[in-house]
file start_11.pdb (PDB, C-alpha atoms)
ATOM      1  CA  MET F   1     -12.015  21.279  22.141  1.00  0.00           C
ATOM      2  CA  GLU F   2     -13.178  18.383  19.945  1.00  0.00           C
ATOM      3  CA  PHE F   3     -11.453  17.735  16.631  1.00  0.00           C
ATOM      4  CA  LYS F   4     -13.482  14.808  15.263  1.00  0.00           C
ATOM      5  CA  GLY F   5     -13.741  16.537  11.877  1.00  0.00           C
ATOM      6  CA  ILE F   6      -9.940  16.606  11.604  1.00  0.00           C
ATOM      7  CA  THR F   7      -9.786  12.883  12.338  1.00  0.00           C
ATOM      8  CA  ASN F   8     -12.272  12.228   9.535  1.00  0.00           C
ATOM      9  CA  LEU F   9     -10.487  14.508   7.075  1.00  0.00           C
ATOM     10  CA  MET F  10      -7.238  12.678   7.750  1.00  0.00           C
ATOM     11  CA  ALA F  11      -8.866   9.240   7.546  1.00  0.00           C
ATOM     12  CA  ASP F  12     -10.533  10.207   4.243  1.00  0.00           C
ATOM     13  CA  LEU F  13      -7.234  11.632   2.943  1.00  0.00           C
ATOM     14  CA  GLU F  14      -8.911  14.988   2.210  1.00  0.00           C
ATOM     15  CA  GLU F  15      -5.666  16.898   1.713  1.00  0.00           C
ATOM     16  CA  GLU F  16      -7.045  20.260   0.583  1.00  0.00           C
ATOM     17  CA  LYS F  17      -9.803  20.426   3.199  1.00  0.00           C
ATOM     18  CA  LEU F  18      -7.397  19.351   5.942  1.00  0.00           C
ATOM     19  CA  MET F  19      -4.875  22.052   5.068  1.00  0.00           C
ATOM     20  CA  VAL F  20      -7.610  24.720   4.843  1.00  0.00           C
ATOM     21  CA  PHE F  21      -8.822  23.693   8.314  1.00  0.00           C
ATOM     22  CA  VAL F  22      -5.295  23.877   9.738  1.00  0.00           C
ATOM     23  CA  ASP F  23      -4.695  27.307   8.200  1.00  0.00           C
ATOM     24  CA  GLU F  24      -8.025  28.601   9.544  1.00  0.00           C
ATOM     25  CA  PHE F  25      -7.243  27.058  12.932  1.00  0.00           C
ATOM     26  CA  LEU F  26      -3.877  28.850  13.030  1.00  0.00           C
ATOM     27  CA  ALA F  27      -5.576  32.161  12.218  1.00  0.00           C
ATOM     28  CA  LEU F  28      -7.485  31.827  15.529  1.00  0.00           C
ATOM     29  CA  ASP F  29      -4.205  32.063  17.520  1.00  0.00           C
ATOM     30  CA  PRO F  30      -4.661  28.710  19.284  1.00  0.00           C
ATOM     31  CA  SER F  31      -2.914  27.581  22.447  1.00  0.00           C
ATOM     32  CA  ARG F  32      -0.256  24.863  22.469  1.00  0.00           C
ATOM     33  CA  GLU F  33      -2.778  22.457  24.020  1.00  0.00           C
ATOM     34  CA  GLU F  34      -5.253  23.120  21.197  1.00  0.00           C
ATOM     35  CA  GLY F  35      -2.472  22.576  18.650  1.00  0.00           C
ATOM     36  CA  LEU F  36      -1.605  19.290  20.317  1.00  0.00           C
ATOM     37  CA  GLY F  37      -5.304  18.392  20.129  1.00  0.00           C
ATOM     38  CA  VAL F  38      -5.193  18.808  16.348  1.00  0.00           C
ATOM     39  CA  ILE F  39      -2.089  16.647  16.146  1.00  0.00           C
ATOM     40  CA  GLU F  40      -3.763  13.949  18.263  1.00  0.00           C
ATOM     41  CA  ALA F  41      -6.858  14.082  16.045  1.00  0.00           C
ATOM     42  CA  CYS F  42      -4.648  13.627  12.976  1.00  0.00           C
ATOM     43  CA  ARG F  43      -2.884  10.704  14.653  1.00  0.00           C
ATOM     44  CA  ARG F  44      -6.265   9.045  15.242  1.00  0.00           C
ATOM     45  CA  GLY F  45      -7.065   9.639  11.566  1.00  0.00           C
ATOM     46  CA  THR F  46      -3.838   7.936  10.513  1.00  0.00           C
ATOM     47  CA  GLU F  47      -4.765   4.974  12.713  1.00  0.00           C
ATOM     48  CA  LYS F  48      -8.018   4.720  10.754  1.00  0.00           C
ATOM     49  CA  VAL F  49      -6.004   4.786   7.523  1.00  0.00           C
ATOM     50  CA  GLY F  50      -3.982   1.849   8.864  1.00  0.00           C
ATOM     51  CA  THR F  51      -7.181  -0.015   9.742  1.00  0.00           C
ATOM     52  CA  LEU F  52      -8.576   0.591   6.264  1.00  0.00           C
ATOM     53  CA  PHE F  53      -5.293  -0.625   4.790  1.00  0.00           C
ATOM     54  CA  GLU F  54      -5.500  -3.819   6.847  1.00  0.00           C
ATOM     55  CA  ALA F  55      -9.073  -4.297   5.599  1.00  0.00           C
ATOM     56  CA  GLY F  56      -7.892  -4.005   2.002  1.00  0.00           C
ATOM     57  CA  GLU F  57      -9.790  -0.754   1.404  1.00  0.00           C
ATOM     58  CA  TYR F  58      -6.641   1.404   1.231  1.00  0.00           C
ATOM     59  CA  PHE F  59      -3.342   0.692  -0.482  1.00  0.00           C
ATOM     60  CA  ALA F  60       0.326   1.329   0.332  1.00  0.00           C
ATOM     61  CA  GLY F  61       0.190   4.679  -1.472  1.00  0.00           C
ATOM     62  CA  ASP F  62      -2.629   5.739   0.836  1.00  0.00           C
ATOM     63  CA  LEU F  63      -0.449   4.962   3.859  1.00  0.00           C
ATOM     64  CA  LEU F  64       2.335   7.068   2.419  1.00  0.00           C
ATOM     65  CA  LEU F  65      -0.073   9.914   1.672  1.00  0.00           C
ATOM     66  CA  ALA F  66      -1.410   9.817   5.239  1.00  0.00           C
ATOM     67  CA  GLY F  67       2.156  10.003   6.540  1.00  0.00           C
ATOM     68  CA  GLN F  68       2.916  12.997   4.328  1.00  0.00           C
ATOM     69  CA  LEU F  69      -0.294  14.756   5.375  1.00  0.00           C
ATOM     70  CA  PHE F  70       0.504  14.179   9.040  1.00  0.00           C
ATOM     71  CA  LYS F  71       4.015  15.505   8.533  1.00  0.00           C
ATOM     72  CA  GLU F  72       2.664  18.636   6.804  1.00  0.00           C
ATOM     73  CA  VAL F  73       0.115  19.281   9.566  1.00  0.00           C
ATOM     74  CA  LYS F  74       2.826  19.025  12.217  1.00  0.00           C
ATOM     75  CA  LYS F  75       5.059  21.348  10.192  1.00  0.00           C
ATOM     76  CA  ARG F  76       2.305  23.966   9.933  1.00  0.00           C
ATOM     77  CA  LEU F  77       1.536  23.682  13.654  1.00  0.00           C
ATOM     78  CA  GLU F  78       5.172  23.946  14.696  1.00  0.00           C
ATOM     79  CA  PRO F  79       4.918  27.676  15.557  1.00  0.00           C
ATOM     80  CA  VAL F  80       2.141  26.801  18.032  1.00  0.00           C
ATOM     81  CA  VAL F  81       3.319  23.496  19.533  1.00  0.00           C
ATOM     82  CA  GLY F  82       7.083  23.821  19.074  1.00  0.00           C
ATOM     83  CA  SER F  83       9.476  21.747  17.026  1.00  0.00           C
ATOM     84  CA  LYS F  84      10.454  19.191  19.667  1.00  0.00           C
ATOM     85  CA  MET F  85       7.567  16.776  20.080  1.00  0.00           C
ATOM     86  CA  ASP F  86       9.467  13.642  21.099  1.00  0.00           C
ATOM     87  CA  ASP F  87       7.739  13.825  24.498  1.00  0.00           C
ATOM     88  CA  LEU F  88       4.519  12.917  22.662  1.00  0.00           C
ATOM     89  CA  LYS F  89       6.011   9.736  21.215  1.00  0.00           C
ATOM     90  CA  SER F  90       5.197   6.199  22.357  1.00  0.00           C
ATOM     91  CA  GLY F  91       8.812   5.026  22.276  1.00  0.00           C
ATOM     92  CA  ALA F  92      11.573   4.361  19.779  1.00  0.00           C
ATOM     93  CA  ILE F  93      12.138   1.667  17.166  1.00  0.00           C
ATOM     94  CA  ALA F  94      15.416   0.945  15.399  1.00  0.00           C
ATOM     95  CA  LEU F  95      14.782   0.131  11.753  1.00  0.00           C
ATOM     96  CA  GLY F  96      17.213  -1.398   9.292  1.00  0.00           C
ATOM     97  CA  PRO F  97      17.430  -4.038   6.570  1.00  0.00           C
ATOM     98  CA  VAL F  98      18.263  -7.678   7.065  1.00  0.00           C
ATOM     99  CA  TYR F  99      21.839  -8.494   5.980  1.00  0.00           C
ATOM    100  CA  GLY F 100      21.958  -8.684   2.188  1.00  0.00           C
ATOM    101  CA  ASP F 101      18.541  -7.126   1.736  1.00  0.00           C
ATOM    102  CA  GLY F 102      18.320  -3.646   0.272  1.00  0.00           C
ATOM    103  CA  GLN F 103      16.138  -0.882   1.604  1.00  0.00           C
ATOM    104  CA  GLY F 104      12.952  -0.830  -0.374  1.00  0.00           C
ATOM    105  CA  ASP F 105       9.430   0.451  -0.335  1.00  0.00           C
ATOM    106  CA  GLY F 106       8.485  -1.994   2.409  1.00  0.00           C
ATOM    107  CA  ASN F 107      10.941  -0.356   4.777  1.00  0.00           C
ATOM    108  CA  GLU F 108       9.485   3.076   3.981  1.00  0.00           C
ATOM    109  CA  ILE F 109       5.903   1.864   4.445  1.00  0.00           C
ATOM    110  CA  PHE F 110       6.732   0.236   7.767  1.00  0.00           C
ATOM    111  CA  ARG F 111       8.524   3.408   8.909  1.00  0.00           C
ATOM    112  CA  HIS F 112       5.425   5.470   8.129  1.00  0.00           C
ATOM    113  CA  LEU F 113       3.197   2.990   9.974  1.00  0.00           C
ATOM    114  CA  VAL F 114       5.214   3.055  13.175  1.00  0.00           C
ATOM    115  CA  GLU F 115       5.588   6.843  13.027  1.00  0.00           C
ATOM    116  CA  MET F 116       1.821   7.147  12.696  1.00  0.00           C
ATOM    117  CA  ALA F 117       1.518   4.919  15.757  1.00  0.00           C
ATOM    118  CA  GLY F 118       3.583   7.475  17.652  1.00  0.00           C
ATOM    119  CA  PHE F 119       7.082   5.977  17.643  1.00  0.00           C
ATOM    120  CA  ILE F 120      10.415   7.625  16.970  1.00  0.00           C
ATOM    121  CA  VAL F 121      12.175   5.719  14.170  1.00  0.00           C
ATOM    122  CA  ILE F 122      15.938   5.362  14.297  1.00  0.00           C
ATOM    123  CA  ASN F 123      17.511   4.074  11.099  1.00  0.00           C
ATOM    124  CA  PRO F 124      21.254   3.422  11.272  1.00  0.00           C
ATOM    125  CA  CYS F 125      21.359   2.802   7.504  1.00  0.00           C
ATOM    126  CA  TYR F 126      21.113   6.479   6.687  1.00  0.00           C
ATOM    127  CA  LYS F 127      24.259   8.599   6.651  1.00  0.00           C
ATOM    128  CA  ASP F 128      23.121  10.512   9.735  1.00  0.00           C
ATOM    129  CA  SER F 129      22.865   7.301  11.693  1.00  0.00           C
ATOM    130  CA  LEU F 130      22.427   9.017  15.033  1.00  0.00           C
ATOM    131  CA  GLN F 131      19.664  11.232  13.722  1.00  0.00           C
ATOM    132  CA  HIS F 132      16.138  10.013  14.186  1.00  0.00           C
ATOM    133  CA  SER F 133      12.896  10.852  12.507  1.00  0.00           C
ATOM    134  CA  THR F 134      10.823  13.519  14.230  1.00  0.00           C
ATOM    135  CA  ASN F 135       7.742  13.001  12.114  1.00  0.00           C
TER     136      ASN F 135
END
call {"tool": "encode", "arguments": {"input": "start_11.pdb", "output": "C-alpha cells"}}
result
Amino acid sequence: MEFKGITNLMADLEEEKLMVFVDEFLALDPSREEGLGVIEACRRGTEKVGTLFEAGEYFAGDLLLAGQLFKEVKKRLEPVVGSKMDDLKSGAIALGPVYGDGQGDGNEIFRHLVEMAGFIVINPCYKDSLQHSTN
C-alpha cells in the first residue's frame, strides 16, 4: 500500500487533513503492517520538513509542529501497531545540556529532529532519568 499522500500532508503540515486521513484509515480496520506504513510515510514527511527547515523555508515552530503531528498520528495508530515501537528506531541518543547551560528551546528542537530521524532520545536531565522518549 502506498502512502505518498500522507507524506505530502505531513511535509505540508496539513494537520486537519492528516488527522481526517488517519481517522478514515482506522475505520478500514487496517493491519499492523499497513499502520506501520502510515507511520513510515509520516516519518518521510518529517524528513521533508527538516529539509525545508535547512533550506530556510520552514522555521523552528514548523519543526515542533511536525513533531507534534507525528506524535499524534502514532498515538492514534497505537491500537493497530501497538504501543512499543522501539524496534522501529534507528538507535538511541543521550541528550543533555553542557555544564552551566540551561535547557532551552534549542534542546527541544534538536530532540524533535532526532526523534523524527528515528532515534530514541534519552535525557538524564529530566526527573525520570531512566525513562526515554517513545515518540
call {"tool": "atom_distance", "arguments": {"input": "start_11.pdb", "atom1": "atom CA of F:Phe21", "atom2": "atom CA of F:Val81"}}
result
16.5 Å
call {"tool": "residues_around", "arguments": {"input": "start_11.pdb", "residues": "F:Val73", "least_positions_apart": "3", "cutoff": "9 Å", "atoms": "only C-alpha atoms", "output": "ChimeraX atom specification"}}
result
/F:18-19,22,38-39,42,68-70,76-78
call {"tool": "resolve_selection", "arguments": {"input": "start_11.pdb", "expression": "the PyMOL selection byres ((chain F and resi 28-31) around 12)", "output": "mmCIF file with C-alpha atoms, keeping the file's coordinate frame"}}
result
data_model
loop_
_atom_site.group_PDB
_atom_site.id
_atom_site.type_symbol
_atom_site.label_atom_id
_atom_site.label_comp_id
_atom_site.auth_asym_id
_atom_site.auth_seq_id
_atom_site.Cartn_x
_atom_site.Cartn_y
_atom_site.Cartn_z
ATOM 1 C CA MET F 1 -12.015 21.279 22.141
ATOM 2 C CA PHE F 21 -8.822 23.693 8.314
ATOM 3 C CA VAL F 22 -5.295 23.877 9.738
ATOM 4 C CA ASP F 23 -4.695 27.307 8.200
ATOM 5 C CA GLU F 24 -8.025 28.601 9.544
ATOM 6 C CA PHE F 25 -7.243 27.058 12.932
ATOM 7 C CA LEU F 26 -3.877 28.850 13.030
ATOM 8 C CA ALA F 27 -5.576 32.161 12.218
ATOM 9 C CA ARG F 32 -0.256 24.863 22.469
ATOM 10 C CA GLU F 33 -2.778 22.457 24.020
ATOM 11 C CA GLU F 34 -5.253 23.120 21.197
ATOM 12 C CA GLY F 35 -2.472 22.576 18.650
ATOM 13 C CA LEU F 36 -1.605 19.290 20.317
ATOM 14 C CA GLY F 37 -5.304 18.392 20.129
ATOM 15 C CA VAL F 38 -5.193 18.808 16.348
ATOM 16 C CA LEU F 77 1.536 23.682 13.654
ATOM 17 C CA GLU F 78 5.172 23.946 14.696
ATOM 18 C CA PRO F 79 4.918 27.676 15.557
ATOM 19 C CA VAL F 80 2.141 26.801 18.032
ATOM 20 C CA VAL F 81 3.319 23.496 19.533
ATOM 21 C CA GLY F 82 7.083 23.821 19.074
#
call {"tool": "atom_distance", "arguments": {"input": "start_11.pdb", "atom1": "atom CA of F:Thr46", "atom2": "atom CA of F:Ala11"}}
result
6.0 Å
call {"tool": "atom_distance", "arguments": {"input": "start_11.pdb", "atom1": "atom CA of F:Asn107", "atom2": "atom CA of F:Lys17"}}
result
29.4 Å
call {"tool": "residues_around", "arguments": {"input": "start_11.pdb", "residues": "stretch 62-65 of chain F", "least_positions_apart": "3", "cutoff": "9 Å", "atoms": "all atoms listed in the file", "output": "ChimeraX atom specification"}}
result
/F:13,15,46,49-50,53,58-59,68-70,108-109,112-113
call {"tool": "write_last_selection", "arguments": {"input": "start_11.pdb", "atoms": "C-alpha atoms", "output": "PDB file, keeping the file's coordinate frame"}}
result
ATOM      1  CA  LEU F  13      -7.234  11.632   2.943  1.00  0.00           C
ATOM      2  CA  GLU F  15      -5.666  16.898   1.713  1.00  0.00           C
ATOM      3  CA  THR F  46      -3.838   7.936  10.513  1.00  0.00           C
ATOM      4  CA  VAL F  49      -6.004   4.786   7.523  1.00  0.00           C
ATOM      5  CA  GLY F  50      -3.982   1.849   8.864  1.00  0.00           C
ATOM      6  CA  PHE F  53      -5.293  -0.625   4.790  1.00  0.00           C
ATOM      7  CA  TYR F  58      -6.641   1.404   1.231  1.00  0.00           C
ATOM      8  CA  PHE F  59      -3.342   0.692  -0.482  1.00  0.00           C
ATOM      9  CA  GLN F  68       2.916  12.997   4.328  1.00  0.00           C
ATOM     10  CA  LEU F  69      -0.294  14.756   5.375  1.00  0.00           C
ATOM     11  CA  PHE F  70       0.504  14.179   9.040  1.00  0.00           C
ATOM     12  CA  GLU F 108       9.485   3.076   3.981  1.00  0.00           C
ATOM     13  CA  ILE F 109       5.903   1.864   4.445  1.00  0.00           C
ATOM     14  CA  HIS F 112       5.425   5.470   8.129  1.00  0.00           C
ATOM     15  CA  LEU F 113       3.197   2.990   9.974  1.00  0.00           C
TER      16      LEU F 113
END
call {"tool": "closest_residue", "arguments": {"input": "start_11.pdb", "among": "F:Thr51, F:Ala60, F:Gly45, F:Ile120", "to": "F:Gly5", "atoms": "all atoms listed in the file"}}
result
F:Gly45
call {"tool": "closest_residue", "arguments": {"input": "start_11.pdb", "among": "F:Ala55, F:Phe3, F:Glu115, F:Val121", "to": "F:Lys71", "atoms": "all atoms listed in the file"}}
result
F:Glu115
call {"tool": "residues_around", "arguments": {"input": "start_11.pdb", "residues": "F:Arg44", "least_positions_apart": "3", "cutoff": "9 Å", "atoms": "only C-alpha atoms", "output": "PyMOL selection string"}}
result
chain F and resi 7-8+10-11+39-41+47-49+116-117
call {"tool": "axis_aligned_box", "arguments": {"input": "start_11.pdb", "around": "stretch 66-72 of chain F", "padding_each_side": "8 Å", "output": "JSON"}}
result
{"center_x": 1.3, "center_y": 14.2, "center_z": 6.7, "size_x": 21.4, "size_y": 24.8, "size_z": 20.7}
